[in-house]
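Engineer: Sharing a structure, written as structure tokens. Questions coming.
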Amino acid sequence: MSFNHKTFLALIPARGGSKGIPGKNLAPVGGRPLLAWTIAAAQKSQFLDRTLVSTDDAKIATVTRELGGEAPFLRPKEISGDDSSPMLAIRHALEWLERERGWRPDYVVLLQPTSPLRTAADIDAACRLAIEKGADGVVSVTEANPHPYLMRTVTADGRLADFMQ
């Protein structure tokens, strides 16, 4: 489904090598694997044209497919480490899609599986906002109470800015 002639790819990065909580992306949360909540929200979105799970783990890929998701490749180990930027996973997925499927979306919606309370309505609101504002990107934020130097604020025009300037 395209909105205003724009296409949206949801990319769910789900590494297999979590050290803090081994097997985190497949760990049961509310009776389902953690990853299942994000796949379900993406499947219910009105805006997403395609949803891919980018993983380096064959078991995560298998569970993704069992949940009705798409995991058409395994991400290389060299871009799947603790310190690997999500941008590497995004670039890898985009290159694969263009090479193997001849498709390149207008927008990439990065959906971390560690945010299981995000809904399809949240995803759709972000997509709608990106189109309406002509934004290059949209980032979800929540009220928090960290140190003021780490905090951000939302300006009157909807942009993020340092709280302490």
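Following the order of the structure tokens, chains are lettered A, B, ..., residues in each are numbered from 1, and ligands are numbered from 1.
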Near A:Ile39, within 12 Å and counting only C-alpha atoms, which residues show up once chain neighbours fewer than 2 positions away are dropped, as a VMD selection string?

Structural biologist: chain A and resid 10 to 14 25 32 to 37 41 to 45 48 50 to 54 63 to 71 110 to 120 123

Engineer: Fewer than 4 positions away in the same chain doesn't count, so skip those; otherwise give me all residues within 12 Å of A:Val139, counting only C-alpha atoms, as a ChimeraX atom specification.

Structural biologist: /A:108-112,122-123,125-127,129-130,135,152,154,158-160

Engineer: Under the rule that only C-alpha atoms are counted, which of A:Leu9, A:Leu88, A:Ile79, A:Leu26 is the nearest residue to A:Asp49?

Structural biologist: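 Distance minimum relative to A:Asp49 lands on A:Leu9.
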
Engineer: Distance atom CA of A:Ala121-atom CA of A:Phe47, one decimal place?

Structural biologist: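 Computing the Euclidean distance for atom CA of A:Ala121 and atom CA of A:Phe47 yields 10.0 Å.
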
Engineer: Run DSSP on the backbone of this structure and report the residues of stretch 111-148 of chain A it assigns to helix (DSSP H, G or I), as a PyMOL selection string.

Structural biologist: chain A and resi 120-133+148

Engineer: Go ahead and dump the residues you just picked, N, CA, C and O atoms, as a short mmCIF file (atom, residue, chain, number, x, y, z; two decimals), in the first residue's frame.

Structural biologist:
```
data_model
loop_
_atom_site.label_atom_id
_atom_site.label_comp_id
_atom_site.auth_asym_id
_atom_site.auth_seq_id
_atom_site.Cartn_x
_atom_site.Cartn_y
_atom_site.Cartn_z
N ALA A 120 0.39 -0.78 15.52
CA ALA A 120 0.24 -0.41 14.11
C ALA A 120 -0.15 1.06 14.00
O ALA A 120 0.30 1.76 13.08
N ALA A 121 -0.97 1.55 14.92
CA ALA A 121 -1.37 2.97 14.89
C ALA A 121 -0.16 3.87 15.10
O ALA A 121 -0.06 4.93 14.47
N ASP A 122 0.77 3.46 15.94
CA ASP A 122 2.00 4.24 16.14
C ASP A 122 2.82 4.28 14.85
O ASP A 122 3.34 5.33 14.46
N ILE A 123 2.95 3.14 14.21
CA ILE A 123 3.70 3.06 12.95
C ILE A 123 3.03 3.94 11.89
O ILE A 123 3.70 4.72 11.21
N ASP A 124 1.72 3.82 11.78
CA ASP A 124 0.99 4.61 10.77
C ASP A 124 1.10 6.10 11.04
O ASP A 124 1.24 6.89 10.10
N ALA A 125 1.07 6.50 12.30
CA ALA A 125 1.20 7.92 12.64
C ALA A 125 2.57 8.44 12.22
O ALA A 125 2.69 9.56 11.71
N ALA A 126 3.62 7.64 12.41
CA ALA A 126 4.96 8.06 12.02
C ALA A 126 5.07 8.17 10.50
O ALA A 126 5.65 9.14 9.98
N CYS A 127 4.51 7.22 9.78
CA CYS A 127 4.53 7.27 8.31
C CYS A 127 3.77 8.49 7.81
O CYS A 127 4.25 9.22 6.92
N ARG A 128 2.61 8.71 8.37
CA ARG A 128 1.78 9.86 7.98
C ARG A 128 2.53 11.17 8.25
O ARG A 128 2.55 12.08 7.41
N LEU A 129 3.17 11.27 9.41
CA LEU A 129 3.92 12.47 9.77
C LEU A 129 5.07 12.72 8.79
O LEU A 129 5.30 13.87 8.38
N ALA A 130 5.78 11.66 8.42
CA ALA A 130 6.89 11.82 7.48
C ALA A 130 6.41 12.41 6.16
O ALA A 130 7.03 13.32 5.61
N ILE A 131 5.28 11.91 5.67
CA ILE A 131 4.72 12.41 4.41
C ILE A 131 4.22 13.84 4.56
O ILE A 131 4.54 14.72 3.75
N GLU A 132 3.42 14.08 5.58
CA GLU A 132 2.82 15.40 5.77
C GLU A 132 3.86 16.50 5.95
O GLU A 132 3.68 17.61 5.47
N LYS A 133 4.95 16.18 6.65
CA LYS A 133 5.99 17.18 6.92
C LYS A 133 7.09 17.19 5.87
O LYS A 133 7.97 18.03 5.91
N PRO A 148 20.01 15.91 32.30
CA PRO A 148 19.58 16.95 31.34
C PRO A 148 20.47 17.08 30.10
O PRO A 148 19.99 17.43 29.03
#
```

Engineer: Would you please give, as an mmCIF file with N, CA and C atoms, in the first residue's frame, all residues of stretch 11-132 of chain A that DSSP assigns to strand (DSSP E or B) based on the backbone?

Structural biologist:
```cif
data_model
loop_
_atom_site.group_PDB
_atom_site.id
_atom_site.type_symbol
_atom_site.label_atom_id
_atom_site.label_comp_id
_atom_site.auth_asym_id
_atom_site.auth_seq_id
_atom_site.Cartn_x
_atom_site.Cartn_y
_atom_site.Cartn_z
ATOM 1 N N LEU A 11 11.850 -2.496 8.502
ATOM 2 C CA LEU A 11 12.993 -3.371 8.732
ATOM 3 C C LEU A 11 13.103 -3.617 10.229
ATOM 4 N N ILE A 12 13.072 -4.891 10.590
ATOM 5 C CA ILE A 12 13.174 -5.299 11.985
ATOM 6 C C ILE A 12 14.534 -5.962 12.175
ATOM 7 N N PRO A 13 15.475 -5.283 12.836
ATOM 8 C CA PRO A 13 16.788 -5.887 13.065
ATOM 9 C C PRO A 13 16.729 -6.785 14.305
ATOM 10 N N PRO A 28 10.107 -15.492 25.451
ATOM 11 C CA PRO A 28 8.659 -15.277 25.582
ATOM 12 C C PRO A 28 8.334 -14.009 26.373
ATOM 13 N N VAL A 29 7.452 -13.212 25.797
ATOM 14 C CA VAL A 29 6.941 -11.997 26.442
ATOM 15 C C VAL A 29 5.428 -12.021 26.226
ATOM 16 N N ARG A 32 4.284 -14.891 23.858
ATOM 17 C CA ARG A 32 4.757 -14.933 22.470
ATOM 18 C C ARG A 32 6.229 -14.549 22.445
ATOM 19 N N PRO A 33 6.960 -14.944 21.407
ATOM 20 C CA PRO A 33 8.338 -14.466 21.291
ATOM 21 C C PRO A 33 8.355 -12.930 21.191
ATOM 22 N N ARG A 50 6.133 -3.544 2.728
ATOM 23 C CA ARG A 50 6.888 -4.780 2.928
ATOM 24 C C ARG A 50 7.544 -4.714 4.300
ATOM 25 N N THR A 51 7.631 -5.876 4.959
ATOM 26 C CA THR A 51 8.295 -5.964 6.251
ATOM 27 C C THR A 51 9.325 -7.074 6.188
ATOM 28 N N LEU A 52 10.569 -6.727 6.483
ATOM 29 C CA LEU A 52 11.659 -7.700 6.496
ATOM 30 C C LEU A 52 12.258 -7.780 7.891
ATOM 31 N N VAL A 53 12.620 -8.982 8.297
ATOM 32 C CA VAL A 53 13.427 -9.166 9.500
ATOM 33 C C VAL A 53 14.843 -9.413 9.019
ATOM 34 N N SER A 54 15.750 -8.582 9.495
ATOM 35 C CA SER A 54 17.162 -8.733 9.171
ATOM 36 C C SER A 54 17.836 -9.389 10.368
ATOM 37 N N THR A 55 18.312 -10.612 10.159
ATOM 38 C CA THR A 55 18.914 -11.366 11.249
ATOM 39 C C THR A 55 20.128 -12.135 10.772
ATOM 40 N N GLU A 70 8.765 -12.049 6.876
ATOM 41 C CA GLU A 70 9.686 -12.286 5.774
ATOM 42 C C GLU A 70 11.126 -12.147 6.266
ATOM 43 N N LEU A 74 20.139 -14.088 5.431
ATOM 44 C CA LEU A 74 20.800 -13.945 6.725
ATOM 45 C C LEU A 74 21.806 -12.813 6.602
ATOM 46 N N TYR A 107 10.835 5.153 1.893
ATOM 47 C CA TYR A 107 11.102 5.279 3.331
ATOM 48 C C TYR A 107 11.434 3.928 3.930
ATOM 49 N N VAL A 108 12.330 3.941 4.911
ATOM 50 C CA VAL A 108 12.626 2.760 5.721
ATOM 51 C C VAL A 108 12.133 3.056 7.128
ATOM 52 N N VAL A 109 11.319 2.159 7.655
ATOM 53 C CA VAL A 109 10.795 2.273 9.012
ATOM 54 C C VAL A 109 11.531 1.229 9.838
ATOM 55 N N LEU A 110 12.423 1.685 10.712
ATOM 56 C CA LEU A 110 13.210 0.781 11.546
ATOM 57 C C LEU A 110 12.404 0.467 12.801
#
```

Engineer: Rounded to one decimal, what separation in Å do you get between atom CA of A:Phe163 and atom CA of A:His147?

Structural biologist: 10.2 Å
